[in-house]
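Just run13.cif here, mmCIF, C-alpha atoms, pLDDT in the B column; chains and numbers go by the auth columns:
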data_final
#
loop_
_atom_site.group_PDB
_atom_site.id
_atom_site.type_symbol
_atom_site.label_atom_id
_atom_site.label_comp_id
_atom_site.label_asym_id
_atom_site.label_seq_id
_atom_site.Cartn_x
_atom_site.Cartn_y
_atom_site.Cartn_z
_atom_site.B_iso_or_equiv
_atom_site.auth_seq_id
_atom_site.auth_asym_id
ATOM 1 C CA MET A 1 -20.079 -11.554 49.530 60.00 1 B
ATOM 2 C CA SER A 2 -19.157 -9.465 46.571 77.00 2 B
ATOM 3 C CA LEU A 3 -20.098 -5.810 46.210 84.00 3 B
ATOM 4 C CA GLN A 4 -22.504 -6.795 43.438 83.00 4 B
ATOM 5 C CA TYR A 5 -24.227 -9.235 45.814 83.00 5 B
ATOM 6 C CA LEU A 6 -24.649 -6.461 48.380 88.00 6 B
ATOM 7 C CA LYS A 7 -25.902 -3.921 45.843 91.00 7 B
ATOM 8 C CA GLU A 8 -28.528 -6.384 44.666 90.00 8 B
ATOM 9 C CA ALA A 9 -29.594 -6.823 48.282 91.00 9 B
ATOM 10 C CA VAL A 10 -29.964 -3.043 48.602 94.00 10 B
ATOM 11 C CA ALA A 11 -31.983 -2.878 45.365 96.00 11 B
ATOM 12 C CA ASN A 12 -34.259 -5.645 46.637 95.00 12 B
ATOM 13 C CA ASN A 13 -34.473 -4.104 50.114 95.00 13 B
ATOM 14 C CA ASP A 14 -33.150 -7.396 51.449 94.00 14 B
ATOM 15 C CA THR A 15 -31.993 -6.113 54.819 94.00 15 B
ATOM 16 C CA GLU A 16 -31.455 -9.629 56.139 92.00 16 B
ATOM 17 C CA LYS A 17 -28.700 -10.184 53.569 89.00 17 B
ATOM 18 C CA LEU A 18 -27.145 -6.839 54.476 91.00 18 B
ATOM 19 C CA ILE A 19 -27.109 -7.358 58.235 93.00 19 B
ATOM 20 C CA ARG A 20 -25.856 -10.908 57.690 90.00 20 B
ATOM 21 C CA TYR A 21 -22.929 -9.423 55.810 89.00 21 B
ATOM 22 C CA VAL A 22 -22.226 -6.962 58.623 92.00 22 B
ATOM 23 C CA ARG A 23 -22.265 -9.799 61.158 92.00 23 B
ATOM 24 C CA MET A 24 -19.904 -11.855 59.022 88.00 24 B
ATOM 25 C CA HIS A 25 -17.592 -8.885 58.523 88.00 25 B
ATOM 26 C CA PHE A 26 -17.391 -8.353 62.279 92.00 26 B
ATOM 27 C CA GLY A 27 -17.078 -12.084 62.917 89.00 27 B
ATOM 28 C CA ASP A 28 -14.410 -12.716 60.264 83.00 28 B
ATOM 29 C CA GLY A 29 -16.833 -14.857 58.310 80.00 29 B
ATOM 30 C CA ASP A 30 -18.633 -16.380 61.300 84.00 30 B
ATOM 31 C CA GLU A 31 -22.114 -14.906 61.564 88.00 31 B
ATOM 32 C CA ALA A 32 -22.764 -16.067 65.125 92.00 32 B
ATOM 33 C CA ALA A 33 -19.428 -14.649 66.239 91.00 33 B
ATOM 34 C CA GLY A 34 -20.241 -11.374 64.511 93.00 34 B
ATOM 35 C CA ARG A 35 -23.516 -11.107 66.360 96.00 35 B
ATOM 36 C CA LYS A 36 -21.629 -11.465 69.646 96.00 36 B
ATOM 37 C CA GLU A 37 -19.108 -8.882 68.499 96.00 37 B
ATOM 38 C CA ILE A 38 -21.862 -6.332 67.896 97.00 38 B
ATOM 39 C CA ASP A 39 -23.208 -6.991 71.390 97.00 39 B
ATOM 40 C CA LYS A 40 -19.681 -6.708 72.789 97.00 40 B
ATOM 41 C CA ALA A 41 -19.119 -3.295 71.196 97.00 41 B
ATOM 42 C CA TRP A 42 -22.430 -1.884 72.433 97.00 42 B
ATOM 43 C CA THR A 43 -21.983 -3.158 75.971 97.00 43 B
ATOM 44 C CA GLN A 44 -18.510 -1.635 76.064 97.00 44 B
ATOM 45 C CA ALA A 45 -19.898 1.712 74.939 97.00 45 B
ATOM 46 C CA LEU A 46 -22.673 1.520 77.528 97.00 46 B
ATOM 47 C CA LYS A 47 -20.286 0.680 80.373 97.00 47 B
ATOM 48 C CA LEU A 48 -18.242 3.789 79.611 97.00 48 B
ATOM 49 C CA LEU A 49 -21.251 6.026 80.144 97.00 49 B
ATOM 50 C CA LEU A 50 -22.790 4.514 83.266 97.00 50 B
ATOM 51 C CA ASP A 51 -20.955 6.878 85.606 96.00 51 B
ATOM 52 C CA VAL A 52 -21.967 9.774 83.389 96.00 52 B
ATOM 53 C CA PRO A 53 -18.433 11.073 82.820 97.00 53 B
ATOM 54 C CA GLU A 54 -17.959 14.411 81.142 97.00 54 B
ATOM 55 C CA THR A 55 -17.919 13.981 77.385 98.00 55 B
ATOM 56 C CA ASP A 56 -17.116 16.313 74.530 98.00 56 B
ATOM 57 C CA ARG A 57 -20.606 16.900 73.187 97.00 57 B
ATOM 58 C CA GLU A 58 -19.457 19.900 71.161 98.00 58 B
ATOM 59 C CA PHE A 59 -17.096 17.638 69.260 98.00 59 B
ATOM 60 C CA ILE A 60 -19.866 15.094 68.754 98.00 60 B
ATOM 61 C CA LEU A 61 -22.411 17.617 67.547 98.00 61 B
ATOM 62 C CA GLU A 62 -19.924 19.415 65.313 98.00 62 B
ATOM 63 C CA THR A 63 -18.822 16.110 63.819 98.00 63 B
ATOM 64 C CA LEU A 64 -22.388 15.046 63.140 98.00 64 B
ATOM 65 C CA ALA A 65 -23.229 18.427 61.642 98.00 65 B
ATOM 66 C CA GLU A 66 -20.121 18.915 59.536 98.00 66 B
ATOM 67 C CA LYS A 67 -19.074 15.513 58.266 98.00 67 B
ATOM 68 C CA ASN A 68 -20.840 13.753 55.448 98.00 68 B
ATOM 69 C CA ALA A 69 -22.881 10.627 56.008 98.00 69 B
ATOM 70 C CA ALA A 70 -20.348 8.321 54.346 98.00 70 B
ATOM 71 C CA THR A 71 -17.573 9.559 56.644 98.00 71 B
ATOM 72 C CA LEU A 72 -19.832 9.011 59.643 98.00 72 B
ATOM 73 C CA ALA A 73 -20.693 5.508 58.411 98.00 73 B
ATOM 74 C CA HIS A 74 -16.988 4.777 58.096 98.00 74 B
ATOM 75 C CA LEU A 75 -16.469 6.146 61.598 98.00 75 B
ATOM 76 C CA PHE A 76 -19.273 3.868 62.817 98.00 76 B
ATOM 77 C CA PHE A 77 -17.328 0.832 61.609 97.00 77 B
ATOM 78 C CA HIS A 78 -14.147 2.182 63.213 97.00 78 B
ATOM 79 C CA LEU A 79 -15.976 2.695 66.495 98.00 79 B
ATOM 80 C CA HIS A 80 -17.196 -0.902 66.476 97.00 80 B
ATOM 81 C CA PHE A 81 -13.637 -2.216 66.294 95.00 81 B
ATOM 82 C CA TYR A 82 -12.445 0.418 68.772 96.00 82 B
ATOM 83 C CA PHE A 83 -14.870 -0.764 71.444 97.00 83 B
ATOM 84 C CA VAL A 84 -14.243 -4.430 70.693 95.00 84 B
ATOM 85 C CA ARG A 85 -10.501 -3.847 71.134 92.00 85 B
ATOM 86 C CA ARG A 86 -11.182 -1.940 74.344 94.00 86 B
ATOM 87 C CA SER A 87 -13.093 -4.921 75.684 92.00 87 B
ATOM 88 C CA GLY A 88 -9.872 -6.922 75.722 90.00 88 B
ATOM 89 C CA GLU A 89 -11.591 -9.794 73.926 88.00 89 B
ATOM 90 C CA TRP A 90 -10.047 -9.515 70.482 85.00 90 B
ATOM 91 C CA ILE A 91 -11.037 -12.372 68.205 85.00 91 B
ATOM 92 C CA HIS A 92 -9.453 -11.129 64.998 81.00 92 B
ATOM 93 C CA ASP A 93 -6.519 -13.495 64.879 72.00 93 B
ATOM 94 C CA GLY A 94 -7.189 -14.529 61.278 68.00 94 B
ATOM 95 C CA GLN A 95 -8.294 -18.057 62.121 63.00 95 B
ATOM 96 C CA LEU A 96 -11.252 -19.041 59.949 53.00 96 B
ATOM 97 C CA MET B 1 -4.953 -16.961 37.652 41.00 97 A
ATOM 98 C CA THR B 2 -4.805 -19.789 40.108 43.00 98 A
ATOM 99 C CA ASP B 3 -6.154 -23.172 39.132 46.00 99 A
ATOM 100 C CA ASN B 4 -8.519 -23.944 41.985 46.00 100 A
ATOM 101 C CA SER B 5 -7.990 -27.679 41.783 48.00 101 A
ATOM 102 C CA ASP B 6 -4.241 -27.242 42.272 46.00 102 A
ATOM 103 C CA ALA B 7 -4.713 -24.564 44.911 46.00 103 A
ATOM 104 C CA ALA B 8 -7.022 -26.817 46.901 43.00 104 A
ATOM 105 C CA GLN B 9 -4.180 -29.268 47.393 50.00 105 A
ATOM 106 C CA GLN B 10 -2.182 -26.567 49.140 52.00 106 A
ATOM 107 C CA LEU B 11 -4.985 -25.365 51.402 59.00 107 A
ATOM 108 C CA ARG B 12 -6.290 -26.734 54.654 68.00 108 A
ATOM 109 C CA PRO B 13 -8.949 -29.345 53.759 73.00 109 A
ATOM 110 C CA GLY B 14 -12.364 -27.694 53.497 74.00 110 A
ATOM 111 C CA LEU B 15 -11.031 -24.137 53.593 70.00 111 A
ATOM 112 C CA TRP B 16 -12.135 -23.325 50.053 69.00 112 A
ATOM 113 C CA GLN B 17 -15.675 -24.512 50.843 72.00 113 A
ATOM 114 C CA THR B 18 -15.668 -22.546 54.105 71.00 114 A
ATOM 115 C CA ILE B 19 -14.714 -19.328 52.328 69.00 115 A
ATOM 116 C CA ASN B 20 -17.396 -19.814 49.688 68.00 116 A
ATOM 117 C CA GLU B 21 -20.036 -20.411 52.354 69.00 117 A
ATOM 118 C CA ARG B 22 -19.024 -17.434 54.457 68.00 118 A
ATOM 119 C CA TYR B 23 -18.296 -14.956 51.691 69.00 119 A
ATOM 120 C CA PRO B 24 -20.566 -16.014 48.803 64.00 120 A
ATOM 121 C CA GLY B 25 -19.733 -14.209 45.618 61.00 121 A
ATOM 122 C CA SER B 26 -16.365 -13.001 46.860 61.00 122 A
ATOM 123 C CA MET B 27 -14.250 -15.610 45.115 62.00 123 A
ATOM 124 C CA ILE B 28 -13.129 -14.477 41.708 60.00 124 A
ATOM 125 C CA THR B 29 -13.544 -16.816 38.786 62.00 125 A
ATOM 126 C CA LYS B 30 -11.838 -15.942 35.552 65.00 126 A
ATOM 127 C CA GLU B 31 -12.634 -16.947 32.028 70.00 127 A
ATOM 128 C CA SER B 32 -9.645 -15.130 30.586 71.00 128 A
ATOM 129 C CA TYR B 33 -6.068 -15.612 31.618 73.00 129 A
ATOM 130 C CA VAL B 34 -2.932 -13.569 31.168 75.00 130 A
ATOM 131 C CA SER B 35 -0.140 -15.830 30.079 79.00 131 A
ATOM 132 C CA LEU B 36 2.845 -15.976 32.380 79.00 132 A
ATOM 133 C CA ALA B 37 5.740 -14.068 30.864 81.00 133 A
ATOM 134 C CA ARG B 38 8.996 -15.908 30.392 86.00 134 A
ATOM 135 C CA LEU B 39 12.167 -14.497 31.873 88.00 135 A
ATOM 136 C CA ARG B 40 14.085 -12.516 29.291 89.00 136 A
ATOM 137 C CA LYS B 41 17.350 -12.847 31.174 92.00 137 A
ATOM 138 C CA PRO B 42 18.693 -15.033 33.959 96.00 138 A
ATOM 139 C CA LEU B 43 17.494 -14.365 37.498 96.00 139 A
ATOM 140 C CA ARG B 44 21.050 -13.478 38.524 97.00 140 A
ATOM 141 C CA GLU B 45 20.868 -10.558 36.083 97.00 141 A
ATOM 142 C CA SER B 46 17.277 -9.557 36.860 97.00 142 A
ATOM 143 C CA ARG B 47 15.841 -6.858 39.081 98.00 143 A
ATOM 144 C CA LEU B 48 13.163 -8.357 41.310 98.00 144 A
ATOM 145 C CA THR B 49 10.207 -6.842 43.106 98.00 145 A
ATOM 146 C CA PHE B 50 7.822 -8.423 45.578 98.00 146 A
ATOM 147 C CA VAL B 51 4.031 -7.950 45.712 97.00 147 A
ATOM 148 C CA SER B 52 2.106 -9.144 48.744 96.00 148 A
ATOM 149 C CA THR B 53 -1.465 -9.115 50.060 94.00 149 A
ATOM 150 C CA GLY B 54 -0.102 -9.287 53.588 93.00 150 A
ATOM 151 C CA GLY B 55 -0.985 -5.757 54.667 94.00 151 A
ATOM 152 C CA VAL B 56 2.667 -5.036 55.457 96.00 152 A
ATOM 153 C CA GLN B 57 3.644 -1.372 55.442 96.00 153 A
ATOM 154 C CA PRO B 58 6.368 0.969 56.655 97.00 154 A
ATOM 155 C CA LYS B 59 5.740 2.297 60.140 97.00 155 A
ATOM 156 C CA GLY B 60 4.332 5.790 59.989 95.00 156 A
ATOM 157 C CA THR B 61 2.393 5.315 56.756 95.00 157 A
ATOM 158 C CA LEU B 62 -1.408 5.511 56.738 95.00 158 A
ATOM 159 C CA PRO B 63 -2.649 2.169 58.088 95.00 159 A
ATOM 160 C CA PHE B 64 -4.576 -0.033 55.706 95.00 160 A
ATOM 161 C CA ASP B 65 -8.302 0.311 56.266 95.00 161 A
ATOM 162 C CA THR B 66 -9.105 -3.016 57.873 91.00 162 A
ATOM 163 C CA VAL B 67 -12.547 -1.940 59.120 93.00 163 A
ATOM 164 C CA HIS B 68 -14.153 -0.766 55.880 94.00 164 A
ATOM 165 C CA PRO B 69 -16.920 -3.215 54.941 91.00 165 A
ATOM 166 C CA VAL B 70 -16.030 -3.193 51.249 90.00 166 A
ATOM 167 C CA GLY B 71 -12.255 -3.146 51.555 91.00 167 A
ATOM 168 C CA ASP B 72 -9.247 -0.949 50.907 94.00 168 A
ATOM 169 C CA TYR B 73 -8.058 -0.530 47.322 94.00 169 A
ATOM 170 C CA THR B 74 -4.830 1.276 48.061 95.00 170 A
ATOM 171 C CA PHE B 75 -1.306 -0.082 48.162 96.00 171 A
ATOM 172 C CA ARG B 76 1.864 0.850 49.987 97.00 172 A
ATOM 173 C CA ARG B 77 5.384 1.015 48.666 97.00 173 A
ATOM 174 C CA VAL B 78 7.795 -0.810 50.924 98.00 174 A
ATOM 175 C CA PRO B 79 11.383 0.274 50.205 98.00 175 A
ATOM 176 C CA SER B 80 13.262 -2.960 49.611 98.00 176 A
ATOM 177 C CA HIS B 81 16.207 -1.958 51.819 98.00 177 A
ATOM 178 C CA LEU B 82 14.080 -1.759 54.981 98.00 178 A
ATOM 179 C CA LYS B 83 14.313 -4.172 57.895 97.00 179 A
ATOM 180 C CA PRO B 84 11.388 -5.929 59.606 97.00 180 A
ATOM 181 C CA ALA B 85 11.702 -3.517 62.533 96.00 181 A
ATOM 182 C CA ASP B 86 10.789 -0.716 60.120 97.00 182 A
ATOM 183 C CA LEU B 87 7.554 -2.441 59.120 97.00 183 A
ATOM 184 C CA GLU B 88 4.190 -3.325 60.620 95.00 184 A
ATOM 185 C CA ILE B 89 1.134 -5.330 59.621 93.00 185 A
ATOM 186 C CA HIS B 90 -2.381 -3.929 59.330 91.00 186 A
ATOM 187 C CA GLN B 91 -4.617 -6.858 58.461 85.00 187 A
ATOM 188 C CA LEU B 92 -7.315 -8.786 60.322 81.00 188 A
ATOM 189 C CA LYS B 93 -8.215 -11.610 58.007 76.00 189 A
ATOM 190 C CA TYR B 94 -5.283 -13.995 58.164 78.00 190 A
ATOM 191 C CA PRO B 95 -3.344 -15.441 61.112 79.00 191 A
ATOM 192 C CA THR B 96 -0.580 -12.963 61.896 82.00 192 A
ATOM 193 C CA ALA B 97 0.881 -14.545 65.049 83.00 193 A
ATOM 194 C CA GLY B 98 3.785 -16.126 63.163 87.00 194 A
ATOM 195 C CA ALA B 99 4.445 -13.011 61.126 89.00 195 A
ATOM 196 C CA MET B 100 4.545 -10.922 64.295 88.00 196 A
ATOM 197 C CA ARG B 101 7.420 -13.102 65.520 91.00 197 A
ATOM 198 C CA ASP B 102 9.226 -13.086 62.185 95.00 198 A
ATOM 199 C CA LEU B 103 7.868 -10.884 59.417 95.00 199 A
ATOM 200 C CA ASN B 104 9.843 -12.854 56.843 96.00 200 A
ATOM 201 C CA VAL B 105 7.326 -15.706 56.983 94.00 201 A
ATOM 202 C CA ILE B 106 4.781 -13.486 55.247 93.00 202 A
ATOM 203 C CA PHE B 107 6.990 -10.783 53.752 96.00 203 A
ATOM 204 C CA PRO B 108 10.469 -12.254 53.160 97.00 204 A
ATOM 205 C CA ILE B 109 12.285 -8.959 52.802 98.00 205 A
ATOM 206 C CA GLU B 110 15.465 -10.130 54.542 98.00 206 A
ATOM 207 C CA ARG B 111 15.592 -13.387 52.590 98.00 207 A
ATOM 208 C CA LEU B 112 15.313 -11.481 49.313 98.00 208 A
ATOM 209 C CA GLN B 113 18.004 -9.021 50.452 98.00 209 A
ATOM 210 C CA GLU B 114 20.253 -12.006 51.199 98.00 210 A
ATOM 211 C CA LEU B 115 19.585 -13.596 47.798 98.00 211 A
ATOM 212 C CA ALA B 116 20.468 -10.304 46.123 98.00 212 A
ATOM 213 C CA ALA B 117 23.638 -9.960 48.214 98.00 213 A
ATOM 214 C CA GLU B 118 24.651 -13.503 47.248 98.00 214 A
ATOM 215 C CA GLY B 119 24.078 -12.746 43.574 98.00 215 A
ATOM 216 C CA ILE B 120 21.318 -15.318 43.134 98.00 216 A
ATOM 217 C CA ILE B 121 19.040 -12.396 42.260 97.00 217 A
ATOM 218 C CA GLY B 122 20.621 -9.622 40.186 97.00 218 A
ATOM 219 C CA SER B 123 19.205 -6.834 42.343 98.00 219 A
ATOM 220 C CA LEU B 124 16.090 -5.729 44.147 98.00 220 A
ATOM 221 C CA ALA B 125 13.802 -3.061 42.737 98.00 221 A
ATOM 222 C CA PRO B 126 13.734 0.050 44.932 98.00 222 A
ATOM 223 C CA ASN B 127 10.277 -0.814 46.253 98.00 223 A
ATOM 224 C CA PHE B 128 8.201 -3.819 47.138 98.00 224 A
ATOM 225 C CA PHE B 129 4.391 -3.508 47.177 98.00 225 A
ATOM 226 C CA SER B 130 1.738 -4.447 49.669 97.00 226 A
ATOM 227 C CA PHE B 131 -2.041 -4.282 49.983 96.00 227 A
ATOM 228 C CA ILE B 132 -4.770 -6.103 51.884 92.00 228 A
ATOM 229 C CA GLY B 133 -6.687 -8.960 50.373 82.00 229 A
ATOM 230 C CA TYR B 134 -10.044 -8.262 52.017 80.00 230 A
ATOM 231 C CA ASN B 135 -11.717 -6.611 49.046 83.00 231 A
ATOM 232 C CA MET B 136 -15.337 -7.189 48.086 83.00 232 A
ATOM 233 C CA ASN B 137 -15.185 -5.441 44.715 85.00 233 A
ATOM 234 C CA PRO B 138 -13.291 -7.730 42.333 80.00 234 A
ATOM 235 C CA GLU B 139 -13.529 -5.208 39.495 81.00 235 A
ATOM 236 C CA ALA B 140 -11.891 -2.434 41.529 86.00 236 A
ATOM 237 C CA LEU B 141 -9.297 -4.926 42.692 86.00 237 A
ATOM 238 C CA GLU B 142 -8.416 -5.868 39.129 83.00 238 A
ATOM 239 C CA ARG B 143 -9.021 -2.632 37.253 83.00 239 A
ATOM 240 C CA THR B 144 -7.705 -0.162 39.818 88.00 240 A
ATOM 241 C CA LEU B 145 -5.470 -1.693 42.438 92.00 241 A
ATOM 242 C CA ALA B 146 -3.774 -4.304 40.252 92.00 242 A
ATOM 243 C CA GLU B 147 -3.300 -1.848 37.404 93.00 243 A
ATOM 244 C CA ASP B 148 -1.873 0.785 39.760 95.00 244 A
ATOM 245 C CA ILE B 149 0.612 -1.678 41.199 96.00 245 A
ATOM 246 C CA ALA B 150 1.547 -2.948 37.743 95.00 246 A
ATOM 247 C CA GLU B 151 2.338 0.613 36.649 96.00 247 A
ATOM 248 C CA ALA B 152 4.417 1.210 39.773 97.00 248 A
ATOM 249 C CA VAL B 153 6.309 -2.045 39.249 97.00 249 A
ATOM 250 C CA GLU B 154 7.052 -1.075 35.670 95.00 250 A
ATOM 251 C CA ALA B 155 8.164 2.409 36.698 97.00 251 A
ATOM 252 C CA ASP B 156 10.625 0.826 39.120 97.00 252 A
ATOM 253 C CA GLY B 157 12.189 -1.098 36.251 96.00 253 A
ATOM 254 C CA ALA B 158 11.546 -4.539 37.694 97.00 254 A
ATOM 255 C CA ASP B 159 12.218 -7.527 35.454 95.00 255 A
ATOM 256 C CA VAL B 160 10.575 -10.042 37.771 95.00 256 A
ATOM 257 C CA ALA B 161 7.663 -9.747 40.205 95.00 257 A
ATOM 258 C CA LEU B 162 7.296 -12.329 42.936 95.00 258 A
ATOM 259 C CA LEU B 163 3.615 -12.454 43.945 94.00 259 A
ATOM 260 C CA SER B 164 2.540 -13.797 47.310 92.00 260 A
ATOM 261 C CA PRO B 165 -0.971 -14.048 48.765 86.00 261 A
ATOM 262 C CA ALA B 166 -1.237 -13.869 52.545 82.00 262 A
#

Would you encode the structure as structure tokens?
Amino acid sequence: MSLQYLKEAVANNDTEKLIRYVRMHFGDGDEAAGRKEIDKAWTQALKLLLDVPETDREFILETLAEKNAATLAHLFFHLHFYFVRRSGEWIHDGQL
Amino acid sequence: MTDNSDAAQQLRPGLWQTINERYPGSMITKESYVSLARLRKPLRESRLTFVSTGGVQPKGTLPFDTVHPVGDYTFRRVPSHLKPADLEIHQLKYPTAGAMRDLNVIFPIERLQELAAEGIIGSLAPNFFSFIGYNMNPEALERTLAEDIAEAVEADGADVALLSPA
């Protein structure tokens, strides 16, 4: 999907087109795979917190307070791939 | 620009259709074409550069942004004297298994060094150029990234640019 296609979706409040793009981005063009990838990232993040380990909340709160929304959005995409890689189930081998 | 009908013969059957289904609107169609320039001197007297969408970059440089949903519109200079061990790939959208075993299959830096050493190519420009092809903004790709690389190629004094999509 081109940027123009996505901007039109935003203008039309067509969230289905937008989330479909996110799924395809995470699934390397395969929407169903992308949906699984999103689930994979969230379950990985959840698993890491189940034992309630000590976390750096100061860092988190400072980051949220001090960084702009676009940087945080970019970080959000990075975190998705970070947790997918951590899962050990890496699908991004370039095979369409 | 590429003639799609010719390109289709070189692609896996159905791949073009698959890409259009999965990334609607991402394929660039062009009404205007830039004519290919003819060589002004023989290849054995020419300085050659290489431009790739393979996401190849010198180790230690800022990795290409493979996670950004709209793409990365930057490029990296790859000094043409480097060896594959000096380079790494940051790209998710094409099969890299073969290139991980031998980078020359996607970024033939050693083959071009050999051709220059044998005199088949006059010389190599000081830098090759690399970027990633996952870009959702065709205008930025053409007006910014391509123009920036073209300026850098010209500044390096290249007579010939070998272009290779990943």

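Restricting the calculation to all atoms listed in the file, the smallest distance between chain A and any of B:Ala65, B:Leu79, B:Ala9, B:Ile38 is found for B:Leu79.
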
For this session: Carefully work through the PyMOL selection byres ((chain B) within 9 of (chain A)) for this structure and note down the residues it includes, as JSON, numbers by chain.
Result: {"B": [1, 2, 3, 4, 5, 21, 22, 24, 25, 26, 28, 29, 30, 31, 74, 77, 78, 80, 81, 92, 93, 94, 95, 96]}

Exercise. Which residue out of B:Lys67, B:Arg20, B:Lys36, B:Lys7 has the minimum interatomic distance to Ile91 in chain B when only C-alpha atoms are used?
Worked result: B:Lys36

For this session: One decimal, Å: what's the distance from CA of Asp51 in chain B over to CA of Glu89 in chain B, could you say?
Result: 22.4 Å

For this session: Determine the residue set returned by the PyMOL selection byres ((chain A and resi 202) around 10) for the present structure, and present it as a list in words.
Result: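 Applied to this file, the PyMOL selection byres ((chain A and resi 202) around 10) selects Ser148, Thr149, Gly150, Gly151, Val152, Ile185, Thr192, Gly194, Ala195, Met196, Asp198, Leu199, Asn200, Val201, Phe203, Pro204, Ile205, Ser260, Pro261 and Ala262 of chain A.
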
For the residues in the current selection, export C-alpha atoms as a compact mmCIF listing (two decimals), in the coordinates of the input.
# COMPACT_ATOMS: atom_id res chain seq x y z
CA SER A 148 2.11 -9.14 48.74
CA THR A 149 -1.46 -9.12 50.06
CA GLY A 150 -0.10 -9.29 53.59
CA GLY A 151 -0.98 -5.76 54.67
CA VAL A 152 2.67 -5.04 55.46
CA ILE A 185 1.13 -5.33 59.62
CA THR A 192 -0.58 -12.96 61.90
CA GLY A 194 3.78 -16.13 63.16
CA ALA A 195 4.44 -13.01 61.13
CA MET A 196 4.54 -10.92 64.30
CA ASP A 198 9.23 -13.09 62.18
CA LEU A 199 7.87 -10.88 59.42
CA ASN A 200 9.84 -12.85 56.84
CA VAL A 201 7.33 -15.71 56.98
CA PHE A 203 6.99 -10.78 53.75
CA PRO A 204 10.47 -12.25 53.16
CA ILE A 205 12.28 -8.96 52.80
CA SER A 260 2.54 -13.80 47.31
CA PRO A 261 -0.97 -14.05 48.76
CA ALA A 262 -1.24 -13.87 52.54

For this session: Within 9 Å of range 130-142 of chain A, counting all atoms listed in the file, which residues show up once you throw out same-chain ones fewer than 2 positions away? Write them as a ChimeraX atom specification, please.
Result: /A:97,128,144,212,215-220,254-256

Exercise. For Ala257 in chain A, which residue among A:His186, A:Phe224, A:His177, A:Asp244 is the nearest when counting all atoms listed in the file?
Worked result: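 Between A:His186, A:Phe224, A:His177, A:Asp244, the residue approaching Ala257 in chain A most closely is A:Phe224.
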
For this session: Tell me which residues the PyMOL selection byres ((chain B and resi 44) around 8) grabs here, as a PyMOL selection string.
Result: chain B and resi 40-43+45-48+83-84+86-87

Generate a file of the selected residues that holds C-alpha atoms, formatted as a PDB file, in the coordinates of the input.
ATOM      1  CA  LYS B  40     -19.681  -6.708  72.789  1.00 97.00           C
ATOM      2  CA  ALA B  41     -19.119  -3.295  71.196  1.00 97.00           C
ATOM      3  CA  TRP B  42     -22.430  -1.884  72.433  1.00 97.00           C
ATOM      4  CA  THR B  43     -21.983  -3.158  75.971  1.00 97.00           C
ATOM      5  CA  ALA B  45     -19.898   1.712  74.939  1.00 97.00           C
ATOM      6  CA  LEU B  46     -22.673   1.520  77.528  1.00 97.00           C
ATOM      7  CA  LYS B  47     -20.286   0.680  80.373  1.00 97.00           C
ATOM      8  CA  LEU B  48     -18.242   3.789  79.611  1.00 97.00           C
ATOM      9  CA  PHE B  83     -14.870  -0.764  71.444  1.00 97.00           C
ATOM     10  CA  VAL B  84     -14.243  -4.430  70.693  1.00 95.00           C
ATOM     11  CA  ARG B  86     -11.182  -1.940  74.344  1.00 94.00           C
ATOM     12  CA  SER B  87     -13.093  -4.921  75.684  1.00 92.00           C
TER      13      SER B  87
END

Exercise. Mind pulling up the distance from CA of Phe171 in chain A to CA of Phe225 in chain A?
Worked result: 6.7 Å

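The coordinates place CA of Ala236 in chain A at 28.0 Å from CA of Gly110 in chain A.
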
Adding 5 Å on each side of the box along x, y and z that holds all listed atoms of range 144-152 of chain A, could you give its centre and edge lengths in Å to one decimal, as lines of an AutoDock Vina configuration file?
center_x = 5.8
center_y = -7.2
center_z = 48.4
size_x = 24.6
size_y = 14.3
size_z = 24.1

Name the residues in contact with Glu206 in chain A at a cut-off of 9 Å, using all atoms listed in the file, excluding same-chain residues fewer than 5 positions from it; report them as a short mmCIF file (atom, residue, chain, number, x, y, z; two decimals) with C-alpha atoms, keeping the file's coordinate frame.
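Output below, filename result-v4.cif:
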data_model
loop_
_atom_site.label_atom_id
_atom_site.label_comp_id
_atom_site.auth_asym_id
_atom_site.auth_seq_id
_atom_site.Cartn_x
_atom_site.Cartn_y
_atom_site.Cartn_z
CA SER A 176 13.26 -2.96 49.61
CA HIS A 177 16.21 -1.96 51.82
CA LEU A 178 14.08 -1.76 54.98
CA LYS A 179 14.31 -4.17 57.90
CA PRO A 180 11.39 -5.93 59.61
CA ASN A 200 9.84 -12.85 56.84
CA LEU A 211 19.58 -13.60 47.80
#

Problem set entry | Residue nearest Arg143 in chain A among A:Ile228, A:Arg239, A:Ala221, A:Thr170 (counting all atoms listed in the file) |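 The closest residue to Arg143 in chain A is A:Ala221.
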